[in-house]
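As provided, target.txt (compact mmCIF, C-alpha atoms) reads as follows.
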# COMPACT_ATOMS: atom_id res chain seq x y z
CA MET A 847 34.30 -1.78 -35.50
CA LEU A 848 31.87 -1.69 -32.57
CA LEU A 849 34.70 -1.81 -30.04
CA ASN A 850 36.55 1.00 -31.82
CA ALA A 851 33.38 3.14 -31.92
CA LEU A 852 32.79 2.45 -28.22
CA LEU A 853 36.35 3.48 -27.32
CA LEU A 854 36.01 6.69 -29.31
CA ALA A 855 32.71 7.45 -27.58
CA LEU A 856 34.20 6.87 -24.13
CA ARG A 857 37.20 9.07 -24.97
CA GLU A 858 34.94 11.91 -26.06
CA ILE A 859 32.80 11.59 -22.92
CA ARG A 860 35.91 11.61 -20.72
CA CYS A 861 37.17 14.77 -22.41
CA ASN A 862 33.93 16.58 -21.50
CA LEU A 863 33.03 15.15 -18.09
CA MET A 864 31.06 18.13 -16.79
CA ARG A 865 29.00 18.44 -19.96
CA SER A 866 28.40 14.70 -20.03
CA PHE A 867 27.26 14.74 -16.37
CA LEU A 868 24.79 17.55 -17.00
CA THR A 869 23.57 15.75 -20.11
CA VAL A 870 22.73 12.51 -18.31
CA LEU A 871 21.27 14.26 -15.24
CA GLY A 872 17.82 14.37 -16.81
CA ILE A 873 17.96 10.63 -17.52
CA VAL A 874 19.13 9.90 -13.97
CA ILE A 875 16.30 11.92 -12.43
CA GLY A 876 13.72 10.45 -14.80
CA VAL A 877 14.69 6.82 -14.23
CA ALA A 878 14.98 7.30 -10.46
CA ALA A 879 11.61 9.07 -10.29
CA VAL A 880 9.77 6.42 -12.30
CA ILE A 881 11.20 3.50 -10.32
CA THR A 882 10.67 5.24 -6.97
CA MET A 883 7.04 6.14 -7.70
CA VAL A 884 6.16 2.64 -8.89
CA THR A 885 8.05 0.84 -6.09
CA LEU A 886 6.52 3.01 -3.36
CA GLY A 887 3.09 2.57 -4.97
CA ASN A 888 3.50 -1.21 -4.93
CA GLY A 889 4.60 -1.04 -1.30
CA ALA A 890 1.57 1.09 -0.39
CA THR A 891 -0.74 -1.36 -2.18
CA GLN A 892 0.76 -4.28 -0.28
CA MET A 893 0.55 -2.39 3.01
CA VAL A 894 -3.16 -1.62 2.51
CA ALA A 895 -3.85 -5.25 1.60
CA ASP A 896 -2.00 -6.46 4.70
CA GLN A 897 -3.82 -4.00 6.94
CA ILE A 898 -7.22 -4.97 5.58
CA SER A 899 -6.44 -8.68 5.89
CA SER A 900 -5.34 -8.11 9.49
CA LEU A 901 -8.95 -7.21 10.31
CA GLY A 902 -9.86 -10.83 9.66
CA SER A 903 -9.71 -13.56 7.06
CA ASN A 904 -12.64 -13.50 4.59
CA LEU A 905 -14.49 -11.15 6.91
CA LEU A 906 -17.93 -9.61 6.46
CA MET A 907 -19.05 -6.72 8.67
CA VAL A 908 -22.81 -6.37 9.17
CA MET A 909 -23.88 -2.95 10.47
CA PRO A 910 -27.19 -1.13 10.88
CA GLY A 911 -27.91 1.69 8.43
CA GLN A 912 -27.75 2.02 4.66
CA ARG A 913 -24.34 3.69 4.36
CA LEU A 914 -20.89 3.17 5.82
CA GLY A 915 -18.25 5.64 6.91
CA PRO A 916 -18.71 9.24 8.17
CA GLY A 917 -22.30 10.37 8.17
CA ARG A 918 -23.75 6.88 7.88
CA ASP A 919 -27.43 6.80 8.78
CA SER A 920 -27.32 4.19 11.54
CA ALA A 921 -29.04 6.36 14.14
CA GLY A 922 -32.57 5.64 12.93
CA ALA A 923 -31.94 2.06 11.84
CA PRO A 924 -32.99 -0.77 14.20
CA LYS A 925 -30.12 -2.46 16.02
CA PHE A 926 -29.38 -6.15 15.90
CA LYS A 927 -30.19 -8.61 18.68
CA ILE A 928 -28.47 -11.76 19.91
CA VAL A 929 -31.21 -13.79 18.22
CA ASP A 930 -30.08 -12.31 14.88
CA VAL A 931 -26.58 -13.60 15.54
CA GLU A 932 -27.93 -17.04 16.41
CA ALA A 933 -30.07 -17.09 13.25
CA ILE A 934 -27.02 -16.28 11.11
CA GLU A 935 -25.03 -19.08 12.75
CA GLN A 936 -27.81 -21.60 12.15
CA GLN A 937 -29.12 -20.61 8.71
CA VAL A 938 -26.12 -19.34 6.72
CA ASN A 939 -23.71 -21.93 5.34
CA GLY A 940 -19.92 -21.83 5.07
CA LEU A 941 -19.20 -19.71 8.16
CA LEU A 942 -16.11 -20.02 10.33
CA ALA A 943 -17.22 -17.73 13.16
CA VAL A 944 -19.96 -15.21 13.97
CA ALA A 945 -19.29 -12.58 16.64
CA PRO A 946 -21.65 -9.87 17.93
CA VAL A 947 -19.95 -6.60 18.91
CA VAL A 948 -21.14 -3.67 20.98
CA GLY A 949 -18.59 -0.89 21.38
CA SER A 950 -18.20 2.14 23.60
CA SER A 951 -15.45 4.73 24.04
CA VAL A 952 -14.52 5.08 27.71
CA THR A 953 -11.68 6.26 29.93
CA LEU A 954 -9.73 3.44 31.53
CA VAL A 955 -7.98 3.83 34.88
CA ALA A 956 -5.28 1.61 36.37
CA GLY A 957 -3.54 2.91 39.48
CA THR A 958 -2.40 6.44 38.68
CA GLN A 959 -2.61 5.95 34.91
CA ASN A 960 -5.61 6.64 32.68
CA TRP A 961 -6.21 6.15 28.96
CA SER A 962 -9.16 6.70 26.60
CA SER A 963 -9.88 3.61 24.53
CA THR A 964 -12.63 1.57 22.87
CA VAL A 965 -14.25 -1.20 24.89
CA ASN A 966 -15.89 -3.92 22.80
CA GLY A 967 -18.37 -6.32 24.31
CA THR A 968 -18.20 -9.59 22.41
CA ILE A 969 -17.62 -13.35 22.66
CA ASN A 970 -14.64 -15.65 22.07
CA ALA A 971 -15.64 -16.03 18.40
CA TYR A 972 -14.44 -12.43 17.98
CA LEU A 973 -10.84 -13.66 18.29
CA ILE A 974 -11.39 -16.10 15.40
CA ALA A 975 -13.33 -13.68 13.22
CA GLY A 976 -10.87 -10.84 13.80
CA ASN A 977 -7.80 -13.05 13.34
CA TRP A 978 -6.56 -12.23 16.86
CA LYS A 979 -3.95 -14.15 18.84
CA LEU A 980 -3.28 -13.98 22.56
CA ALA A 981 0.18 -12.81 23.59
CA ALA A 982 -0.50 -13.73 27.22
CA GLY A 983 -3.30 -14.99 29.41
CA ARG A 984 -6.48 -16.68 28.26
CA GLN A 985 -9.83 -16.03 26.59
CA PHE A 986 -13.23 -15.85 28.32
CA SER A 987 -14.58 -18.98 29.97
CA ASP A 988 -18.12 -20.15 29.23
CA ASP A 989 -19.21 -19.20 32.76
CA GLU A 990 -17.77 -15.70 32.36
CA GLU A 991 -19.64 -15.19 29.08
CA ARG A 992 -22.94 -16.52 30.43
CA ALA A 993 -22.81 -14.65 33.74
CA GLY A 994 -21.34 -11.43 32.33
CA LYS A 995 -18.35 -11.39 34.67
CA ALA A 996 -16.16 -8.29 34.98
CA VAL A 997 -13.12 -9.66 33.14
CA CYS A 998 -11.30 -8.22 30.14
CA ILE A 999 -8.67 -8.86 27.48
CA ILE A 1000 -6.64 -5.78 26.57
CA GLY A 1001 -4.73 -4.73 23.47
CA ASN A 1002 -1.03 -4.03 23.36
CA THR A 1003 -1.43 -0.23 23.27
CA VAL A 1004 -3.67 -0.26 26.35
CA LYS A 1005 -1.14 -2.48 28.13
CA LYS A 1006 1.71 -0.06 27.39
CA GLU A 1007 -0.25 3.03 28.42
CA LEU A 1008 -1.66 1.63 31.68
CA PHE A 1009 0.95 -0.89 32.83
CA GLY A 1010 4.14 0.00 30.96
CA GLY A 1011 6.51 -2.96 30.98
CA GLN A 1012 4.73 -4.79 33.82
CA SER A 1013 2.44 -7.77 33.32
CA PRO A 1014 -1.22 -6.69 33.59
CA LEU A 1015 -2.55 -10.23 34.20
CA GLY A 1016 -4.49 -10.43 37.46
CA ASN A 1017 -4.58 -6.65 37.85
CA SER A 1018 -7.74 -4.58 37.59
CA ILE A 1019 -8.62 -1.62 35.44
CA ARG A 1020 -11.58 0.67 36.02
CA VAL A 1021 -14.03 0.79 33.13
CA LYS A 1022 -16.57 3.52 33.76
CA ALA A 1023 -18.13 2.58 37.11
CA PHE A 1024 -16.84 -0.97 37.54
CA ASP A 1025 -13.52 -2.74 38.01
CA CYS A 1026 -12.47 -5.32 35.44
CA GLU A 1027 -9.86 -8.04 35.96
CA VAL A 1028 -7.32 -8.42 33.14
CA ILE A 1029 -7.19 -12.08 32.08
CA GLY A 1030 -5.44 -11.75 28.70
CA VAL A 1031 -3.35 -9.57 26.39
CA LEU A 1032 -3.86 -9.52 22.61
CA ALA A 1033 -0.91 -9.94 20.29
CA ALA A 1034 0.02 -6.68 18.56
CA LYS A 1035 -1.44 -6.01 15.10
CA GLY A 1036 -0.50 -2.39 14.45
CA GLN A 1037 -2.34 0.04 12.22
CA GLY A 1038 -5.58 -1.03 10.56
CA GLY A 1039 -6.75 -0.51 6.99
CA MET A 1040 -8.55 2.73 7.89
CA GLY A 1041 -5.57 4.14 9.80
CA GLN A 1042 -6.82 3.23 13.29
CA ASP A 1043 -4.70 1.63 15.99
CA GLN A 1044 -6.05 -1.92 16.24
CA ASP A 1045 -4.18 -2.52 19.50
CA ASP A 1046 -6.01 0.31 21.28
CA THR A 1047 -8.90 -1.88 22.40
CA VAL A 1048 -10.37 -3.74 25.37
CA LEU A 1049 -12.58 -6.83 25.06
CA ILE A 1050 -15.16 -7.73 27.70
CA PRO A 1051 -17.94 -10.35 27.62
CA MET A 1052 -21.03 -9.32 25.65
CA ARG A 1053 -23.39 -9.58 28.64
CA THR A 1054 -21.02 -7.45 30.73
CA ALA A 1055 -21.06 -4.68 28.12
CA GLN A 1056 -24.85 -4.80 27.76
CA ARG A 1057 -25.46 -4.64 31.50
CA ARG A 1058 -22.77 -2.21 32.62
CA LEU A 1059 -21.96 -0.05 29.60
CA THR A 1060 -24.90 0.29 27.20
CA GLY A 1061 -27.83 -0.74 29.43
CA THR A 1062 -29.59 -2.39 26.46
CA LEU A 1063 -29.65 -5.78 24.75
CA ASP A 1064 -28.75 -4.23 21.38
CA VAL A 1065 -25.86 -5.47 19.25
CA GLY A 1066 -23.95 -2.74 17.44
CA SER A 1067 -22.49 -4.87 14.65
CA ILE A 1068 -21.87 -8.47 13.65
CA MET A 1069 -18.58 -9.90 12.42
CA VAL A 1070 -19.00 -12.86 10.06
CA SER A 1071 -15.88 -14.83 9.17
CA LEU A 1072 -16.06 -17.21 6.19
CA LYS A 1073 -14.27 -20.46 5.53
CA ASP A 1074 -11.56 -20.29 2.85
CA THR A 1075 -13.65 -22.28 0.37
CA THR A 1076 -16.77 -20.14 0.83
CA ASP A 1077 -17.90 -17.67 -1.83
CA SER A 1078 -18.43 -14.31 -0.12
CA ALA A 1079 -20.97 -13.19 -2.75
CA VAL A 1080 -23.20 -16.18 -1.97
CA VAL A 1081 -22.96 -15.57 1.78
CA MET A 1082 -23.73 -11.86 1.35
CA THR A 1083 -26.87 -12.79 -0.62
CA GLN A 1084 -27.94 -15.25 2.08
CA LEU A 1085 -27.24 -12.71 4.84
CA ARG A 1086 -29.22 -10.00 3.09
CA SER A 1087 -32.18 -12.32 2.48
CA LEU A 1088 -32.17 -13.57 6.09
CA LEU A 1089 -31.92 -10.13 7.67
CA ARG A 1090 -34.59 -8.65 5.41
CA GLU A 1091 -36.88 -11.49 6.40
CA ARG A 1092 -36.16 -11.03 10.10
CA ARG A 1093 -36.71 -7.28 9.83
CA LYS A 1094 -39.91 -7.81 7.80
CA LEU A 1095 -38.84 -5.49 4.97
CA ASP A 1096 -41.09 -5.33 1.90
CA ASP A 1097 -39.63 -5.74 -1.58
CA ASN A 1098 -39.92 -2.02 -2.29
CA VAL A 1099 -38.14 -1.03 0.95
CA ASP A 1100 -34.38 -0.48 1.06
CA ASP A 1101 -32.18 -2.47 3.42
CA SER A 1102 -31.91 -1.04 6.92
CA PHE A 1103 -28.46 -2.62 7.28
CA ASN A 1104 -25.22 -2.87 5.34
CA VAL A 1105 -22.95 -5.85 4.66
CA MET A 1106 -19.33 -4.86 4.06
CA ASP A 1107 -16.83 -7.28 2.52
CA THR A 1108 -13.29 -6.43 3.69
CA LYS A 1109 -11.82 -8.26 0.68
CA GLN A 1110 -13.74 -5.96 -1.70
CA ILE A 1111 -12.54 -2.93 0.25
CA ALA A 1112 -8.94 -4.14 -0.06
CA GLU A 1113 -9.36 -4.65 -3.81
CA THR A 1114 -10.95 -1.21 -4.24
CA LEU A 1115 -8.26 0.59 -2.25
CA SER A 1116 -5.50 -1.37 -4.00
CA GLY A 1117 -6.98 -0.54 -7.40
CA THR A 1118 -7.12 3.15 -6.51
CA ILE A 1119 -3.50 3.14 -5.35
CA ARG A 1120 -2.40 1.32 -8.51
CA THR A 1121 -4.14 3.94 -10.64
CA MET A 1122 -2.45 6.76 -8.74
CA THR A 1123 0.89 4.96 -9.02
CA ALA A 1124 0.50 4.64 -12.79
CA LEU A 1125 -0.40 8.34 -13.02
CA LEU A 1126 2.60 9.42 -10.95
CA GLY A 1127 4.85 7.06 -12.94
CA ALA A 1128 3.62 8.61 -16.20
CA VAL A 1129 4.29 12.10 -14.89
CA ALA A 1130 7.78 11.06 -13.78
CA ALA A 1131 8.41 9.52 -17.21
CA VAL A 1132 8.08 12.97 -18.76
CA SER A 1133 11.44 13.85 -17.25
CA LEU A 1134 12.93 10.97 -19.27
CA LEU A 1135 11.75 12.67 -22.44
CA VAL A 1136 13.25 15.93 -21.22
CA GLY A 1137 16.51 14.08 -20.60
CA GLY A 1138 16.36 12.64 -24.12
CA ILE A 1139 15.92 16.12 -25.60
CA GLY A 1140 18.95 17.22 -23.57
CA ILE A 1141 21.01 14.40 -25.06
CA MET A 1142 19.96 15.33 -28.59
CA ASN A 1143 20.77 18.98 -27.94
CA ILE A 1144 24.26 18.22 -26.61
CA MET A 1145 24.96 15.75 -29.43
CA LEU A 1146 24.01 18.38 -32.02
CA VAL A 1147 26.41 20.79 -30.33
CA SER A 1148 29.07 18.07 -30.36
CA VAL A 1149 28.57 17.50 -34.10
CA THR A 1150 29.00 21.21 -34.73
CA GLU A 1151 32.16 21.37 -32.60
CA ARG A 1152 33.65 18.28 -34.24
CA THR A 1153 32.76 19.08 -37.85
CA ARG A 1154 36.40 19.32 -38.90
CA GLU A 1155 37.22 16.01 -37.16
CA ILE A 1156 34.32 14.34 -38.97
CA GLY A 1157 35.52 15.77 -42.27
CA ILE A 1158 39.01 14.36 -41.74
CA ARG A 1159 37.61 10.90 -40.92
CA LEU A 1160 35.42 10.93 -44.02
CA ALA A 1161 38.30 12.21 -46.19
CA ILE A 1162 40.65 9.39 -45.17
CA GLY A 1163 38.10 6.71 -45.94
CA ALA A 1164 35.64 6.39 -43.06
CA LEU A 1165 32.20 5.29 -44.23
CA GLU A 1166 28.99 7.12 -43.40
CA HIS A 1167 27.62 4.28 -41.30
CA GLU A 1168 30.84 4.20 -39.25
CA VAL A 1169 30.47 7.89 -38.37
CA LEU A 1170 26.77 7.32 -37.69
CA LEU A 1171 27.60 4.42 -35.37
CA GLN A 1172 30.23 6.42 -33.45
CA PHE A 1173 27.84 9.23 -32.53
CA LEU A 1174 24.93 6.86 -31.93
CA ILE A 1175 27.00 4.76 -29.51
CA GLU A 1176 28.09 7.93 -27.73
CA ALA A 1177 24.45 8.89 -27.18
CA VAL A 1178 23.50 5.37 -26.03
CA VAL A 1179 26.44 5.22 -23.61
CA LEU A 1180 25.37 8.50 -22.06
CA SER A 1181 21.73 7.44 -21.67
CA ALA A 1182 22.56 3.90 -20.49
CA PHE A 1183 25.00 5.23 -17.90
CA GLY A 1184 22.34 7.66 -16.72
CA GLY A 1185 19.90 4.76 -16.52
CA LEU A 1186 22.27 2.70 -14.34
CA VAL A 1187 22.88 5.62 -11.99
CA GLY A 1188 19.12 6.26 -11.86
CA VAL A 1189 18.41 2.63 -10.94
CA ALA A 1190 21.01 2.73 -8.14
CA LEU A 1191 19.66 6.07 -6.87
CA ALA A 1192 16.09 4.75 -6.94
CA PHE A 1193 17.09 1.64 -4.96
CA VAL A 1194 18.62 3.75 -2.20
CA ALA A 1195 15.67 6.20 -2.21
CA CYS A 1196 13.05 3.43 -2.10
CA LEU A 1197 14.85 1.63 0.70
CA GLY A 1198 15.08 4.80 2.77
CA LEU A 1199 11.55 6.04 2.09
CA SER A 1200 10.02 2.61 2.73
CA THR A 1201 11.67 2.52 6.14
CA LEU A 1202 10.66 6.10 6.89
CA MET A 1203 7.04 5.53 5.82
CA HIS A 1204 6.82 2.10 7.50
CA MET A 1205 5.78 0.29 4.34
CA PRO A 1206 7.18 -2.88 2.75
CA PHE A 1207 10.02 -2.51 0.24
CA LEU A 1208 9.06 -4.56 -2.81
CA PHE A 1209 11.92 -4.79 -5.31
CA ASN A 1210 10.40 -5.16 -8.77
CA PRO A 1211 12.95 -6.34 -11.37
CA ALA A 1212 10.49 -5.70 -14.20
CA ILE A 1213 10.11 -1.96 -13.58
CA ASN A 1214 13.87 -1.56 -13.06
CA LEU A 1215 14.68 -3.33 -16.33
CA THR A 1216 11.92 -1.45 -18.14
CA ALA A 1217 13.16 1.94 -16.91
CA PHE A 1218 16.75 1.09 -17.84
CA GLY A 1219 15.71 -0.23 -21.27
CA PHE A 1220 13.65 2.89 -21.86
CA SER A 1221 16.62 5.11 -21.00
CA ALA A 1222 18.83 3.20 -23.48
CA ALA A 1223 16.09 3.46 -26.13
CA ILE A 1224 15.98 7.22 -25.59
CA GLY A 1225 19.69 7.33 -26.43
CA VAL A 1226 18.99 5.56 -29.72
CA ILE A 1227 15.95 7.67 -30.59
CA PHE A 1228 17.30 11.09 -29.67
CA GLY A 1229 20.87 10.30 -30.68
CA TYR A 1230 19.96 9.21 -34.22
CA VAL A 1231 19.26 12.68 -35.60
CA PRO A 1232 22.64 14.19 -34.55
CA ALA A 1233 24.44 10.98 -35.63
CA ARG A 1234 22.70 11.06 -39.02
CA ARG A 1235 23.59 14.70 -39.45
CA ALA A 1236 27.26 13.95 -38.72
CA ALA A 1237 27.32 11.04 -41.17
CA GLN A 1238 25.84 13.11 -44.00
CA LEU A 1239 28.36 15.97 -43.76
CA ASP A 1240 30.18 16.81 -46.99
CA PRO A 1241 33.90 16.04 -46.36
CA ILE A 1242 35.13 19.09 -48.29
CA ALA A 1243 32.75 21.47 -46.50
CA ALA A 1244 33.62 19.86 -43.18
CA LEU A 1245 37.37 20.32 -43.75
CA ARG A 1246 36.82 24.03 -44.49
CA HIS A 1247 34.82 24.45 -41.26
CA GLU A 1248 36.50 26.62 -38.63

Structure re-expressed in structure tokens:
Amino acid sequence: MLLNALLLALREIRCNLMRSFLTVLGIVIGVAAVITMVTLGNGATQMVADQISSLGSNLLMVMPGQRLGPGRDSAGAPKFKIVDVEAIEQQVNGLLAVAPVVGSSVTLVAGTQNWSSTVNGTINAYLIAGNWKLAAGRQFSDDEERAGKAVCIIGNTVKKELFGGQSPLGNSIRVKAFDCEVIGVLAAKGQGGMGQDQDDTVLIPMRTAQRRLTGTLDVGSIMVSLKDTTDSAVVMTQLRSLLRERRKLDDNVDDSFNVMDTKQIAETLSGTIRTMTALLGAVAAVSLLVGGIGIMNIMLVSVTERTREIGIRLAIGALEHEVLLQFLIEAVVLSAFGGLVGVALAFVACLGLSTLMHMPFLFNPAINLTAFGFSAAIGVIFGYVPARRAAQLDPIAALRHE
């Protein structure tokens, strides 16, 4: 009986191909939109998490001022000193690396090429804390760090802009008023969690930056990398207590510094993106309901057109549930076919958009199966009313219908 009903449904759909196509179009668009929104949202979430983690593993950023981001009030807050960095290394447990950083935006010159970039004065621990690898060359020697030698390690973007395809090792670049020998090249990282180009950077020894760039012994920020087994909340509490003590802040005085946990930032941004993805998915799901209404509308029209046919079937012995099943299967076939086409369309769209937007393509079987199941359920829900109406027709009245 099911096979016979399915064959009848397919025959009716084939006889009205254009109408059937327009009927399932709403389902196709709805399924494709839901899957695309959710898949791209998952890809964006993963991309943000990867970008944040590329800043460093279990990384804390300690900065002067009470707020972070644009407009942060660091101007009036006291800067850090090297002794603060040493105190953190000695008195805070569970640390992998501690790196002071002092940054300055300067114009770099190499031969006839020039490029504006950020020069960071730091130590070798910066490479550990920031999860950096060397693509070529070496890191600073102990003598170079102690004496503040004019040597530098450059990022991949700076290498491309100043040296093109040539090796920069052993060459010099002009940083403000002094020449700096290139001793290393950082492995490329790409875009950071805040949208910045992480490869557009130059590293020089801390003492070199203090003497030749800033002219002070101040430290702009401190990078604190934790061991994998260390609880970041405990370390943040220890850091806050230590720095408040060193800055002699009373209990009723707010912190004059800020400790930022990159893991918490990643979780916050990921949570925000997931919320937006759910919202967009819900909006896209509305088109599925519109497609379901379209199926019900067309099925009601089909019942009206086929009233005489239904009457003949009932008159020669067809049961009500057989007529009900025929129309219900027809509606489910339409919606399920639309769901399959929507899944295929979404796969192609997600693959193309992920490549275009440079984000990972994360195929999620659960959302694909859910969207397809929902489209089939819509066929059952919105196809039941027309099918029930067809099954309850009076055979005599149906045979008289013109």

My list of candidates is A:Ser1013, A:Gln1042, A:Asn904, A:Asn1104. Which is closest to Ala975 of chain A when distances are computed with all atoms listed in the file? A:Asn904

Residues at most 9 Å from Ser866 of chain A, counting all atoms listed in the file, excluding those fewer than 5 positions away in the same chain, as a list of chain:residue names?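 Final neighbour list, sorted by chain and number: A:Ile859, A:Arg860, A:Leu871, A:Ile1141, A:Ile1144, A:Leu1180.
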
Take the point (-17.6, -18.8, 31.3) in the file's coordinates, draw a sphere of radius 12 Å around it, and report as a VMD selection string every protein, DNA or RNA residue with an atom inside or on it, counting all atoms listed in the file. chain A and resid 969 to 970 984 to 997 1050 to 1054

Between A:Leu1134, A:Ala923, A:Met893, A:Val1147, single out the one closest to Asp1100 of chain A, counting all atoms listed in the file.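 Using all atoms listed in the file, the shortest distance to Asp1100 of chain A belongs to A:Ala923.
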
Taking all atoms listed in the file into account, name the residue in A:Val948, A:Leu1072, A:Leu1174, A:Leu1089 that is nearest to Arg1057 of chain A.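 Among the listed residues, A:Val948 lies closest to Arg1057 of chain A.
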
Please, what distance in Å, to one decimal, runs between atom CA of Gln936 of chain A and atom CA of Ala1079 of chain A?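 The value is 18.4 Å.
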
Quote the spacing between atom CA of Ser1200 of chain A and atom CA of Ala1124 of chain A in Å to one decimal place.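 Those two atoms sit 18.3 Å apart.
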
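We find atom CA of Val1021 of chain A and atom CA of Gly1061 of chain A to be spaced 14.4 Å apart.
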
Counting all atoms listed in the file, closest pick from A:Thr885, A:Gln1056, A:Asn1002, A:Thr953 relative to Gly967 of chain A is A:Gln1056
